[in-house]
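A quick write-up on the structure given underneath.
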Amino acid sequence: MFRSSANAERGFCARCGSTLGMREAVLADRVQVCIGSLDEPDGVRIDDHVWTRSRIAWFDTRDTLPRFSRSSTAVASQATGDD
């Protein structure tokens with residue numbers, strides 16, 4: 001894990017450097033996982049979609065989960081300016 005700020009750590013693949021996930025102190029027992037890093041992504045339950053304003057134009061999920069243009073408001077955030 002790499003401490004990227006006072007409140008967050010990020011994980012990267014030791015072999016190729018790809019982002020694997022992120023852990024924020026404010027999320028307590030939750031972790032953010034890059035879905036593309038999983039061998040069996042269908043086995044993961046997600047709560048919402050975050051940073052949707054940065055999504056690739058052709059990528060569109062077909063579910064009714066909450067969407068946030070930046071960070072999720074499902075949990076308190078220490079960041080400012082989040083939607």
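By order in the structure tokens, chains are A, B, ...; within a chain, residues start at 1; ligands start at 1, following the order shown.
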
| Within 6 Å of range 3-14 of chain A using only C-alpha atoms, minus same-chain residues under 3 positions, as a ChimeraX atom specification | /A:17-25

| From the set A:Ala28, A:Leu38, A:Val33, A:Cys16, which residue has the shortest atom-to-atom contact distance to Val50 in chain A, counting only C-alpha atoms? | A:Val33
